[in-house]
$ cat upload13.pdb   # PDB, C-alpha atoms and all ligand atoms
ATOM      1  CA  MET A   1     -16.949 -18.521 -12.867
ATOM      2  CA  LEU A   2     -17.422 -20.079  -9.432
ATOM      3  CA  ASN A   3     -20.874 -21.241  -8.388
ATOM      4  CA  GLU A   4     -22.409 -20.228  -5.045
ATOM      5  CA  GLU A   5     -21.185 -23.354  -3.297
ATOM      6  CA  GLN A   6     -17.606 -22.830  -4.486
ATOM      7  CA  ILE A   7     -17.708 -19.186  -3.415
ATOM      8  CA  ALA A   8     -18.968 -20.155   0.058
ATOM      9  CA  ALA A   9     -16.105 -22.677   0.395
ATOM     10  CA  LYS A  10     -13.451 -20.095  -0.373
ATOM     11  CA  ALA A  11     -14.872 -16.789   0.833
ATOM     12  CA  THR A  12     -17.135 -15.134   3.373
ATOM     13  CA  ARG A  13     -19.779 -12.568   2.597
ATOM     14  CA  GLN A  14     -19.099  -9.231   4.300
ATOM     15  CA  ALA A  15     -20.764  -5.826   4.103
ATOM     16  CA  ILE A  16     -19.501  -2.379   3.201
ATOM     17  CA  THR A  17     -19.576  -0.208   6.331
ATOM     18  CA  LYS A  18     -18.165   3.102   5.070
ATOM     19  CA  LEU A  19     -17.020   4.801   1.856
ATOM     20  CA  THR A  20     -14.916   7.958   1.978
ATOM     21  CA  TRP A  21     -13.955   9.663  -1.265
ATOM     22  CA  TRP A  22     -10.651  11.611  -1.339
ATOM     23  CA  ASN A  23     -11.502  12.918  -4.825
ATOM     24  CA  ASP A  24     -13.560  11.572  -7.752
ATOM     25  CA  ARG A  25     -11.189   8.601  -8.285
ATOM     26  CA  LEU A  26      -9.702   7.673  -4.913
ATOM     27  CA  LEU A  27     -11.562   6.209  -1.993
ATOM     28  CA  THR A  28     -11.157   4.507   1.335
ATOM     29  CA  PHE A  29     -13.719   1.813   2.019
ATOM     30  CA  THR A  30     -14.296  -0.373   5.035
ATOM     31  CA  THR A  31     -15.971  -3.736   5.393
ATOM     32  CA  THR A  32     -17.044  -5.895   8.281
ATOM     33  CA  ARG A  33     -14.287  -8.272   9.417
ATOM     34  CA  PRO A  34     -14.967 -11.886  10.359
ATOM     35  CA  PRO A  35     -13.431 -12.700  13.778
ATOM     36  CA  GLU A  36     -11.343 -15.538  12.332
ATOM     37  CA  TYR A  37      -9.788 -13.396   9.574
ATOM     38  CA  SER A  38      -6.151 -12.861  10.465
ATOM     39  CA  PHE A  39      -3.415 -10.973   8.600
ATOM     40  CA  ALA A  40      -0.092  -9.189   9.085
ATOM     41  CA  ALA A  41       0.355  -5.513   8.203
ATOM     42  CA  GLY A  42       1.555  -5.398   4.581
ATOM     43  CA  GLN A  43      -0.583  -8.292   3.375
ATOM     44  CA  TYR A  44      -3.520  -8.171   0.995
ATOM     45  CA  ALA A  45      -7.008  -9.597   0.687
ATOM     46  CA  ARG A  46      -8.860 -10.903  -2.316
ATOM     47  CA  LEU A  47     -12.183  -9.145  -2.623
ATOM     48  CA  GLY A  48     -15.098 -10.233  -4.788
ATOM     49  CA  LEU A  49     -17.913  -8.134  -6.199
ATOM     50  CA  ALA A  50     -20.923  -9.776  -7.805
ATOM     51  CA  ASP A  51     -23.331  -8.752 -10.522
ATOM     52  CA  ALA A  52     -25.645 -10.699 -12.838
ATOM     53  CA  HIS A  53     -22.616 -12.064 -14.746
ATOM     54  CA  GLY A  54     -20.844 -13.478 -11.689
ATOM     55  CA  VAL A  55     -18.169 -12.471  -9.172
ATOM     56  CA  ILE A  56     -14.984 -10.590 -10.089
ATOM     57  CA  TRP A  57     -12.032 -10.968  -7.718
ATOM     58  CA  ARG A  58      -9.193  -8.520  -7.183
ATOM     59  CA  ALA A  59      -6.314  -8.068  -4.719
ATOM     60  CA  TYR A  60      -6.516  -5.210  -2.196
ATOM     61  CA  SER A  61      -3.984  -4.369   0.519
ATOM     62  CA  MET A  62      -5.401  -3.820   3.975
ATOM     63  CA  THR A  63      -4.818  -0.282   5.258
ATOM     64  CA  SER A  64      -6.303  -1.083   8.671
ATOM     65  CA  SER A  65      -4.031  -2.476  11.334
ATOM     66  CA  PRO A  66      -4.363  -6.131  12.313
ATOM     67  CA  GLN A  67      -5.443  -4.914  15.781
ATOM     68  CA  GLN A  68      -8.598  -3.331  14.430
ATOM     69  CA  LYS A  69     -10.874  -6.287  14.944
ATOM     70  CA  ASP A  70     -14.283  -5.049  13.824
ATOM     71  CA  GLU A  71     -13.460  -3.735  10.336
ATOM     72  CA  LEU A  72     -11.077  -4.038   7.419
ATOM     73  CA  GLU A  73     -10.082  -0.888   5.568
ATOM     74  CA  PHE A  74      -8.842  -0.573   1.980
ATOM     75  CA  TYR A  75      -7.644   2.288  -0.207
ATOM     76  CA  GLY A  76      -8.504   2.115  -3.887
ATOM     77  CA  ILE A  77      -8.543   3.924  -7.193
ATOM     78  CA  ILE A  78     -11.252   3.731  -9.809
ATOM     79  CA  VAL A  79      -9.599   2.544 -13.045
ATOM     80  CA  GLU A  80     -11.420   3.841 -16.115
ATOM     81  CA  GLY A  81     -13.285   0.927 -17.688
ATOM     82  CA  GLY A  82     -11.935  -1.412 -14.994
ATOM     83  CA  LEU A  83     -14.091  -4.484 -14.453
ATOM     84  CA  PHE A  84     -13.838  -4.555 -10.663
ATOM     85  CA  THR A  85     -13.576  -0.861  -9.967
ATOM     86  CA  SER A  86     -16.632  -0.010 -12.094
ATOM     87  CA  ARG A  87     -18.546  -2.122  -9.569
ATOM     88  CA  LEU A  88     -16.609  -0.643  -6.646
ATOM     89  CA  LYS A  89     -17.580   2.861  -7.756
ATOM     90  CA  ALA A  90     -21.270   2.017  -7.486
ATOM     91  CA  LEU A  91     -21.094   0.490  -3.979
ATOM     92  CA  LYS A  92     -23.101   1.842  -1.053
ATOM     93  CA  VAL A  93     -22.988   1.215   2.671
ATOM     94  CA  HIS A  94     -24.502  -2.218   3.571
ATOM     95  CA  ASP A  95     -23.802  -3.651   0.081
ATOM     96  CA  PRO A  96     -22.268  -7.148   0.141
ATOM     97  CA  ILE A  97     -18.652  -7.862  -0.738
ATOM     98  CA  TYR A  98     -16.885 -11.240  -0.716
ATOM     99  CA  LEU A  99     -13.672 -11.717   1.229
ATOM    100  CA  ASP A 100     -11.403 -14.674   0.469
ATOM    101  CA  LYS A 101     -10.876 -16.583   3.731
ATOM    102  CA  GLN A 102      -7.107 -16.517   3.216
ATOM    103  CA  CYS A 103      -4.912 -13.455   3.257
ATOM    104  CA  PHE A 104      -1.922 -13.181   0.922
ATOM    105  CA  GLY A 105       1.446 -11.541   0.382
ATOM    106  CA  PHE A 106       5.029 -11.454   1.574
ATOM    107  CA  MET A 107       5.708  -7.715   1.672
ATOM    108  CA  THR A 108       5.857  -7.566   5.457
ATOM    109  CA  PRO A 109       8.455  -5.757   7.571
ATOM    110  CA  ASP A 110       9.482  -8.909   9.440
ATOM    111  CA  ARG A 111      11.169 -10.122   6.228
ATOM    112  CA  PHE A 112      14.200  -7.991   7.171
ATOM    113  CA  SER A 113      16.486  -9.674   9.642
ATOM    114  CA  ASP A 114      18.723  -6.620  10.097
ATOM    115  CA  GLY A 115      18.986  -2.915   9.238
ATOM    116  CA  GLU A 116      17.659   0.056  11.185
ATOM    117  CA  ASP A 117      16.170   2.305   8.504
ATOM    118  CA  LEU A 118      12.966   1.273   6.737
ATOM    119  CA  TRP A 119      12.250   3.078   3.464
ATOM    120  CA  MET A 120       8.652   2.516   2.322
ATOM    121  CA  MET A 121       8.389   3.532  -1.339
ATOM    122  CA  SER A 122       5.012   3.814  -3.034
ATOM    123  CA  THR A 123       3.269   5.110  -6.082
ATOM    124  CA  GLY A 124      -0.457   5.935  -5.982
ATOM    125  CA  THR A 125      -2.538   3.427  -4.028
ATOM    126  CA  GLY A 126       0.667   1.529  -3.213
ATOM    127  CA  ILE A 127       0.811   3.597  -0.022
ATOM    128  CA  GLY A 128      -1.943   1.322   1.388
ATOM    129  CA  PRO A 129       0.131  -1.433   3.025
ATOM    130  CA  TYR A 130       2.383   1.156   4.704
ATOM    131  CA  ILE A 131      -0.631   2.794   6.326
ATOM    132  CA  SER A 132      -1.432  -0.574   7.890
ATOM    133  CA  MET A 133       2.205  -0.988   9.009
ATOM    134  CA  LEU A 134       2.338   2.493  10.543
ATOM    135  CA  ARG A 135      -0.914   1.879  12.428
ATOM    136  CA  ASP A 136       0.631  -1.323  13.810
ATOM    137  CA  PRO A 137       3.219  -1.228  16.650
ATOM    138  CA  TYR A 138       5.797  -3.571  15.015
ATOM    139  CA  VAL A 139       7.723  -1.145  12.731
ATOM    140  CA  TRP A 140       7.884   1.443  15.509
ATOM    141  CA  THR A 141       9.742  -0.925  17.796
ATOM    142  CA  ARG A 142      11.793  -2.742  15.142
ATOM    143  CA  PHE A 143      13.322   0.252  13.234
ATOM    144  CA  ARG A 144      15.024   3.494  14.231
ATOM    145  CA  HIS A 145      14.060   5.516  11.155
ATOM    146  CA  LEU A 146      10.887   5.153   9.105
ATOM    147  CA  VAL A 147      10.789   6.931   5.741
ATOM    148  CA  LEU A 148       7.521   6.892   3.835
ATOM    149  CA  LEU A 149       7.749   7.963   0.191
ATOM    150  CA  HIS A 150       4.600   8.630  -1.791
ATOM    151  CA  CYS A 151       4.763   9.535  -5.457
ATOM    152  CA  VAL A 152       1.632  10.519  -7.378
ATOM    153  CA  ARG A 153       0.833  12.257 -10.638
ATOM    154  CA  HIS A 154      -1.167  15.183  -9.252
ATOM    155  CA  VAL A 155      -1.249  16.921  -5.894
ATOM    156  CA  ASP A 156      -4.897  15.979  -5.278
ATOM    157  CA  GLU A 157      -3.850  12.302  -5.139
ATOM    158  CA  PHE A 158      -2.108  12.561  -1.769
ATOM    159  CA  ALA A 159      -4.013  10.810   0.988
ATOM    160  CA  PHE A 160      -3.780  10.068   4.706
ATOM    161  CA  ASP A 161      -1.711  13.254   5.289
ATOM    162  CA  ARG A 162      -3.484  14.327   8.449
ATOM    163  CA  GLU A 163      -3.248  10.879   9.999
ATOM    164  CA  LEU A 164       0.430  10.624   9.061
ATOM    165  CA  GLN A 165       1.080  13.932  10.767
ATOM    166  CA  SER A 166      -0.502  12.696  13.962
ATOM    167  CA  LEU A 167       1.387   9.385  13.769
ATOM    168  CA  GLN A 168       4.619  11.382  13.612
ATOM    169  CA  LEU A 169       3.699  12.971  16.921
ATOM    170  CA  GLN A 170       1.911  10.022  18.489
ATOM    171  CA  PRO A 171       2.853   6.544  17.270
ATOM    172  CA  PRO A 172       0.648   3.551  18.174
ATOM    173  CA  VAL A 173       3.211   2.571  20.845
ATOM    174  CA  PRO A 174       5.756   4.656  22.727
ATOM    175  CA  SER A 175       8.720   4.737  20.352
ATOM    176  CA  SER A 176      11.920   6.627  19.699
ATOM    177  CA  ALA A 177      11.643   5.851  15.968
ATOM    178  CA  GLN A 178      11.224   8.854  13.700
ATOM    179  CA  LEU A 179       8.804   8.907  10.788
ATOM    180  CA  ARG A 180       9.602  11.113   7.806
ATOM    181  CA  VAL A 181       7.046  11.508   5.053
ATOM    182  CA  ILE A 182       8.316  12.516   1.614
ATOM    183  CA  ARG A 183       5.862  13.323  -1.151
ATOM    184  CA  ALA A 184       6.538  13.746  -4.840
ATOM    185  CA  VAL A 185       4.430  14.642  -7.889
ATOM    186  CA  THR A 186       5.303  13.841 -11.475
ATOM    187  CA  ARG A 187       2.742  15.534 -13.748
ATOM    188  CA  GLU A 188       2.463  19.034 -12.324
ATOM    189  CA  GLU A 189       4.585  21.597 -10.559
ATOM    190  CA  PRO A 190       4.460  21.059  -6.801
ATOM    191  CA  PRO A 191       3.237  23.859  -4.524
ATOM    192  CA  SER A 192       5.839  26.574  -3.968
ATOM    193  CA  ASP A 193       6.222  25.843  -0.221
ATOM    194  CA  GLY A 194       8.927  23.286  -1.074
ATOM    195  CA  LYS A 195       7.254  20.483   0.899
ATOM    196  CA  VAL A 196       6.589  18.323  -2.166
ATOM    197  CA  LEU A 197       9.321  17.087  -4.505
ATOM    198  CA  HIS A 198       8.998  17.074  -8.281
ATOM    199  CA  GLY A 199       9.800  13.927 -10.283
ATOM    200  CA  ARG A 200       9.831  10.150 -10.146
ATOM    201  CA  LEU A 201      11.229   8.344  -7.132
ATOM    202  CA  THR A 202      13.955   6.815  -9.282
ATOM    203  CA  SER A 203      15.172  10.204 -10.600
ATOM    204  CA  LEU A 204      14.955  11.657  -7.099
ATOM    205  CA  LEU A 205      17.095   8.846  -5.731
ATOM    206  CA  GLN A 206      19.641   9.269  -8.513
ATOM    207  CA  SER A 207      19.890  13.027  -7.958
ATOM    208  CA  GLY A 208      20.364  12.582  -4.201
ATOM    209  CA  GLN A 209      17.132  14.454  -3.402
ATOM    210  CA  LEU A 210      15.529  11.528  -1.560
ATOM    211  CA  GLU A 211      18.445  11.089   0.797
ATOM    212  CA  ALA A 212      18.627  14.864   1.324
ATOM    213  CA  ALA A 213      14.888  15.074   2.081
ATOM    214  CA  ALA A 214      15.085  12.128   4.475
ATOM    215  CA  GLY A 215      18.261  13.408   6.082
ATOM    216  CA  LEU A 216      19.539   9.839   5.860
ATOM    217  CA  PRO A 217      22.110   8.244   3.582
ATOM    218  CA  PHE A 218      21.392   5.009   1.741
ATOM    219  CA  SER A 219      23.684   2.364   3.228
ATOM    220  CA  ASP A 220      24.097  -1.372   2.804
ATOM    221  CA  ALA A 221      24.212  -1.886   6.519
ATOM    222  CA  GLN A 222      21.148   0.116   7.582
ATOM    223  CA  THR A 223      18.824   0.727   4.630
ATOM    224  CA  ARG A 224      15.974  -1.701   4.022
ATOM    225  CA  VAL A 225      13.517  -0.869   1.243
ATOM    226  CA  MET A 226       9.949  -1.822   0.463
ATOM    227  CA  MET A 227       8.473  -0.916  -2.929
ATOM    228  CA  CYS A 228       4.804  -1.058  -3.784
ATOM    229  CA  GLY A 229       2.581   0.015  -6.655
ATOM    230  CA  ASN A 230       3.426   0.677 -10.298
ATOM    231  CA  PRO A 231       5.514  -2.223 -11.705
ATOM    232  CA  GLU A 232       7.598   0.154 -13.837
ATOM    233  CA  MET A 233       8.715   2.130 -10.773
ATOM    234  CA  ILE A 234       9.559  -1.126  -9.009
ATOM    235  CA  GLU A 235      11.553  -2.488 -11.953
ATOM    236  CA  ASP A 236      13.526   0.754 -12.381
ATOM    237  CA  MET A 237      14.130   1.140  -8.655
ATOM    238  CA  ARG A 238      15.214  -2.484  -8.371
ATOM    239  CA  ARG A 239      17.856  -1.787 -11.031
ATOM    240  CA  LEU A 240      19.130   1.275  -9.153
ATOM    241  CA  LEU A 241      19.343  -0.669  -5.908
ATOM    242  CA  HIS A 242      21.227  -3.478  -7.644
ATOM    243  CA  GLU A 243      23.731  -0.893  -8.900
ATOM    244  CA  ARG A 244      24.263   0.110  -5.259
ATOM    245  CA  GLY A 245      25.015  -3.497  -4.344
ATOM    246  CA  MET A 246      21.633  -4.128  -2.751
ATOM    247  CA  ARG A 247      19.721  -7.350  -3.340
ATOM    248  CA  PRO A 248      16.211  -8.723  -2.781
ATOM    249  CA  VAL A 249      15.294 -10.652   0.331
ATOM    250  CA  ARG A 250      15.064 -14.344  -0.558
ATOM    251  CA  ARG A 251      13.433 -16.971   1.570
ATOM    252  CA  ALA A 252      16.658 -18.295   3.052
ATOM    253  CA  LEU A 253      18.886 -15.253   2.501
ATOM    254  CA  PRO A 254      18.739 -11.832   4.118
ATOM    255  CA  GLY A 255      18.590  -8.928   1.689
ATOM    256  CA  HIS A 256      17.837  -5.236   1.291
ATOM    257  CA  PHE A 257      14.459  -4.989  -0.426
ATOM    258  CA  VAL A 258      11.027  -6.550  -0.926
ATOM    259  CA  THR A 259       8.430  -5.575  -3.532
ATOM    260  CA  GLU A 260       4.722  -5.771  -4.386
ATOM    261  CA  ASN A 261       3.527  -5.075  -7.952
ATOM    262  CA  TYR A 262      -0.089  -3.893  -8.213
ATOM    263  CA  TRP A 263      -0.476  -4.990 -11.841
TER     264      TRP A 263
HETATM  265  C1  LIG B   1      -0.986  -7.735  -4.570
HETATM  266  C2  LIG B   1      -1.902  -6.645  -5.100
HETATM  267  C3  LIG B   1      -2.455  -5.714  -4.204
HETATM  268  C4  LIG B   1      -3.284  -4.696  -4.698
HETATM  269  N1  LIG B   1      -3.781  -3.770  -3.825
HETATM  270  C5  LIG B   1      -4.511  -2.729  -4.312
HETATM  271  C6  LIG B   1      -4.982  -1.708  -3.433
HETATM  272  O1  LIG B   1      -4.768  -1.749  -2.203
HETATM  273  N2  LIG B   1      -5.682  -0.669  -3.979
HETATM  274  C7  LIG B   1      -5.942  -0.606  -5.331
HETATM  275  O2  LIG B   1      -6.595   0.369  -5.779
HETATM  276  N3  LIG B   1      -5.526  -1.572  -6.177
HETATM  277  C8  LIG B   1      -4.831  -2.621  -5.693
HETATM  278  N4  LIG B   1      -4.421  -3.593  -6.540
HETATM  279  C9  LIG B   1      -4.908  -3.560  -7.946
HETATM  280  C10 LIG B   1      -6.315  -4.187  -7.984
HETATM  281  O3  LIG B   1      -6.215  -5.564  -7.649
HETATM  282  C11 LIG B   1      -6.965  -4.100  -9.376
HETATM  283  O4  LIG B   1      -6.029  -4.369 -10.362
HETATM  284  C12 LIG B   1      -7.522  -2.743  -9.637
HETATM  285  O5  LIG B   1      -8.535  -2.477  -8.717
HETATM  286  C13 LIG B   1      -8.127  -2.642 -11.040
HETATM  287  O6  LIG B   1      -9.088  -3.641 -11.222
HETATM  288  P1  LIG B   1     -10.163  -3.494 -12.385
HETATM  289  O7  LIG B   1     -10.823  -4.829 -12.591
HETATM  290  O8  LIG B   1     -11.070  -2.342 -12.122
HETATM  291  O9  LIG B   1      -9.289  -3.109 -13.623
HETATM  292  P2  LIG B   1      -8.755  -4.064 -14.766
HETATM  293  O10 LIG B   1      -9.816  -4.171 -15.811
HETATM  294  O11 LIG B   1      -8.250  -5.342 -14.176
HETATM  295  O12 LIG B   1      -7.554  -3.161 -15.308
HETATM  296  C14 LIG B   1      -6.247  -3.343 -14.812
HETATM  297  C15 LIG B   1      -5.392  -2.148 -15.224
HETATM  298  O13 LIG B   1      -5.712  -1.068 -14.381
HETATM  299  C16 LIG B   1      -4.539  -0.362 -13.980
HETATM  300  N5  LIG B   1      -4.446  -0.472 -12.496
HETATM  301  C17 LIG B   1      -4.719  -1.558 -11.729
HETATM  302  N6  LIG B   1      -4.547  -1.279 -10.410
HETATM  303  C18 LIG B   1      -4.179   0.014 -10.361
HETATM  304  C19 LIG B   1      -3.861   0.868  -9.292
HETATM  305  N7  LIG B   1      -3.902   0.452  -8.000
HETATM  306  N8  LIG B   1      -3.507   2.145  -9.566
HETATM  307  C20 LIG B   1      -3.461   2.581 -10.865
HETATM  308  N9  LIG B   1      -3.747   1.804 -11.928
HETATM  309  C21 LIG B   1      -4.109   0.543 -11.679
HETATM  310  C22 LIG B   1      -3.370  -1.036 -14.682
HETATM  311  O14 LIG B   1      -3.118  -0.333 -15.878
HETATM  312  C23 LIG B   1      -3.900  -2.397 -14.995
HETATM  313  O15 LIG B   1      -3.301  -2.961 -16.127
HETATM  314  C24 LIG B   1      -3.594  -4.632  -6.089
HETATM  315  C25 LIG B   1      -3.069  -5.589  -6.951
HETATM  316  C26 LIG B   1      -2.227  -6.573  -6.477
HETATM  317  C27 LIG B   1      -1.667  -7.582  -7.454
END
$ encode --input "upload13.pdb" --output "structure tokens" --more "lines below"
Ligand SMILES: Cc1cc2nc3c(=O)[nH]c(=O)nc-3n(C[C@H](O)[C@H](O)[C@H](O)COP(=O)(O)OP(=O)(O)OC[C@H]3O[C@@H](n4cnc5c(N)ncnc54)[C@H](O)[C@@H]3O)c2cc1C
Amino acid sequence: MLNEEQIAAKATRQAITKLTWWNDRLLTFTTTRPPEYSFAAGQYARLGLADAHGVIWRAYSMTSSPQQKDELEFYGIIVEGGLFTSRLKALKVHDPIYLDKQCFGFMTPDRFSDGEDLWMMSTGTGIGPYISMLRDPYVWTRFRHLVLLHCVRHVDEFAFDRELQSLQLQPPVPSSAQLRVIRAVTREEPPSDGKVLHGRLTSLLQSGQLEAAAGLPFSDAQTRVMMCGNPEMIEDMRRLLHERGMRPVRRALPGHFVTENYW
């Protein structure tokens, strides 16, 4: 455990400014943002919550855009028995939260040197970094097609739908890029209106349903993929992409996909 002096050297003390619950497990929370804290959309922070036993640190992707200077926003799930999230669940506005001075992560859209179609695949809270990217002008000017895929277990776990609808009509910068949002559920039948797919992203890619829903083919030349969330989904999807001749972006080599495992 770090002592107070060590914590002050590595982190700043911020305050919770808002907590919005989507259901009894999922929440958006915002904190104050120090003026010197800088990040790129897609990156994550390390947050610390203290109690009598010390501070517990966990990684959280920013959902706010880098342009939003006064606050940082995060999207989280309460994990049953989770050390950090048990504390998160009890937080109230004005409560303190530590923010590591550095930001982290390499799942940013500027990793792709070519390609015109950005596929943003997520499970659960893994949608977070894409919300930041879509609130930021960069992807809207860099890509021609933006496809956001969100896979959850139950229908009540979809979030940000209203904001995504308005981003489709009014992006943060004038843009000819089109945003398609594709949702899928795994553990229950989707509503009968046909707007939500049924099954895992990997099965839906294999069956051709993802490409059909996006109205876009997967292609070596144009498709660039980001994957975020459940490590099993990422591992399985990585295998499918390899089978299609796609490869990860490496530091010196261009590629087709980048990933971020949440555990
Ligand atoms: C790079 C990175 C970015 C992350 N960004 C976010 C984020 O934006 N929002 C967020 O809610 N979490 C995020 N996480 C996960 C987060 O850091 C914690 O693991 C999570 O809050 C659980 O912490 P805990 O101490 O309560 O649970 P722990 O006691 O550490 O239990 C961990 C277990 O909880 C489950 N778990 C952890 N995270 C999740 C999750 N997001 N969804 C479902 N099950 C999970 C897994 O089974 C894992 O083994 C991120 C993790 C990484 C590595």
$ residues_near_point --input "upload13.pdb" --point "(22.6, 8.1, -7.5)" --cutoff "12 Å" --atoms "only C-alpha atoms" --output "tab-separated table (two decimals) with C-alpha atoms, in the coordinates of the input"
chain	number	residue	atom	x	y	z
A	201	LEU	CA	11.23	8.34	-7.13
A	202	THR	CA	13.96	6.82	-9.28
A	203	SER	CA	15.17	10.20	-10.60
A	204	LEU	CA	14.96	11.66	-7.10
A	205	LEU	CA	17.10	8.85	-5.73
A	206	GLN	CA	19.64	9.27	-8.51
A	207	SER	CA	19.89	13.03	-7.96
A	208	GLY	CA	20.36	12.58	-4.20
A	209	GLN	CA	17.13	14.45	-3.40
A	210	LEU	CA	15.53	11.53	-1.56
A	211	GLU	CA	18.44	11.09	0.80
A	212	ALA	CA	18.63	14.86	1.32
A	217	PRO	CA	22.11	8.24	3.58
A	218	PHE	CA	21.39	5.01	1.74
A	237	MET	CA	14.13	1.14	-8.65
A	239	ARG	CA	17.86	-1.79	-11.03
A	240	LEU	CA	19.13	1.27	-9.15
A	241	LEU	CA	19.34	-0.67	-5.91
A	242	HIS	CA	21.23	-3.48	-7.64
A	243	GLU	CA	23.73	-0.89	-8.90
A	244	ARG	CA	24.26	0.11	-5.26
$ atom_distance --input "upload13.pdb" --atom1 "atom O3 of ligand LIG 1 (chain B)" --atom2 "CA of Leu88 (chain A)"
11.5 Å
$ closest_atom_pairs --input "upload13.pdb" --of "chain A" --to "ligand LIG 1 (chain B)" --cutoff "7 Å" --atoms "all atoms listed in the file" --output "CSV"
residue,atom,partner,partner_atom,distance
A:Tyr44,CA,B:LIG1,C3,5.8
A:Arg58,CA,B:LIG1,O3,4.2
A:Ala59,CA,B:LIG1,O3,3.9
A:Tyr60,CA,B:LIG1,N1,3.5
A:Ser61,CA,B:LIG1,O1,3.9
A:Met62,CA,B:LIG1,O1,6.5
A:Phe74,CA,B:LIG1,O1,6.0
A:Tyr75,CA,B:LIG1,N2,5.2
A:Gly76,CA,B:LIG1,O2,3.2
A:Ile77,CA,B:LIG1,O2,4.3
A:Ile78,CA,B:LIG1,O8,6.5
A:Val79,CA,B:LIG1,O8,5.2
A:Gly81,CA,B:LIG1,O10,6.4
A:Gly82,CA,B:LIG1,O8,3.1
A:Leu83,CA,B:LIG1,O7,3.8
A:Phe84,CA,B:LIG1,O7,3.6
A:Thr85,CA,B:LIG1,O8,3.6
A:Ser86,CA,B:LIG1,O8,6.0
A:Gly105,CA,B:LIG1,C1,6.7
A:Gly124,CA,B:LIG1,N8,6.0
A:Thr125,CA,B:LIG1,N7,5.1
A:Gly126,CA,B:LIG1,O1,6.4
A:Gly128,CA,B:LIG1,O1,5.5
A:Gly229,CA,B:LIG1,N7,6.6
A:Glu260,CA,B:LIG1,C1,6.0
A:Asn261,CA,B:LIG1,C27,5.8
A:Tyr262,CA,B:LIG1,C25,3.7
A:Trp263,CA,B:LIG1,C27,5.2
$ resolve_selection --input "upload13.pdb" --expression "the PyMOL selection byres (((chain A and resi 175) around 10) and not hetatm)" --output "count of residues only"
15
$ axis_aligned_box --input "upload13.pdb" --around "region 81-94 of chain A" --padding-each-side "8 Å" --output "lines of an AutoDock Vina configuration file"
center_x = -18.2
center_y = -0.8
center_z = -7.1
size_x = 28.6
size_y = 23.4
size_z = 37.3
$ decode --input "upload13.pdb" --residues "region 24-68 of chain A" --atoms "C-alpha atoms" --output "CSV table (one decimal), in the first residue's frame"
chain,number,residue,atom,x,y,z
A,24,ASP,CA,-28.8,-1.2,-10.6
A,25,ARG,CA,-25.4,-2.3,-11.9
A,26,LEU,CA,-24.3,0.2,-14.5
A,27,LEU,CA,-23.4,3.8,-14.0
A,28,THR,CA,-21.9,6.9,-15.5
A,29,PHE,CA,-19.8,9.0,-13.1
A,30,THR,CA,-18.0,12.2,-13.6
A,31,THR,CA,-15.1,13.7,-11.7
A,32,THR,CA,-13.4,17.1,-11.6
A,33,ARG,CA,-10.5,17.3,-14.2
A,34,PRO,CA,-7.2,18.9,-13.3
A,35,PRO,CA,-6.2,21.4,-16.1
A,36,GLU,CA,-2.9,19.6,-16.8
A,37,TYR,CA,-4.5,16.2,-17.3
A,38,SER,CA,-4.3,15.4,-20.9
A,39,PHE,CA,-5.4,12.3,-22.8
A,40,ALA,CA,-6.5,11.0,-26.3
A,41,ALA,CA,-9.9,9.5,-26.9
A,42,GLY,CA,-9.6,5.7,-26.4
A,43,GLN,CA,-7.2,6.0,-23.4
A,44,TYR,CA,-7.8,5.1,-19.8
A,45,ALA,CA,-7.2,6.5,-16.4
A,46,ARG,CA,-6.2,4.8,-13.2
A,47,LEU,CA,-8.6,5.7,-10.4
A,48,GLY,CA,-8.1,5.2,-6.7
A,49,LEU,CA,-10.7,4.9,-4.0
A,50,ALA,CA,-9.6,5.0,-0.3
A,51,ASP,CA,-11.0,3.4,2.8
A,52,ALA,CA,-9.5,2.6,6.2
A,53,HIS,CA,-7.4,-0.2,4.7
A,54,GLY,CA,-5.8,2.0,2.0
A,55,VAL,CA,-6.3,3.0,-1.7
A,56,ILE,CA,-7.4,0.5,-4.4
A,57,TRP,CA,-6.5,1.4,-7.9
A,58,ARG,CA,-8.3,0.3,-11.1
A,59,ALA,CA,-8.2,1.2,-14.8
A,60,TYR,CA,-11.2,3.1,-16.3
A,61,SER,CA,-11.6,4.3,-19.9
A,62,MET,CA,-12.6,8.0,-20.3
A,63,THR,CA,-16.0,8.3,-22.0
A,64,SER,CA,-15.7,12.1,-22.1
A,65,SER,CA,-14.0,13.7,-25.0
A,66,PRO,CA,-10.5,15.3,-24.5
A,67,GLN,CA,-12.1,18.7,-25.4
A,68,GLN,CA,-14.3,18.6,-22.3
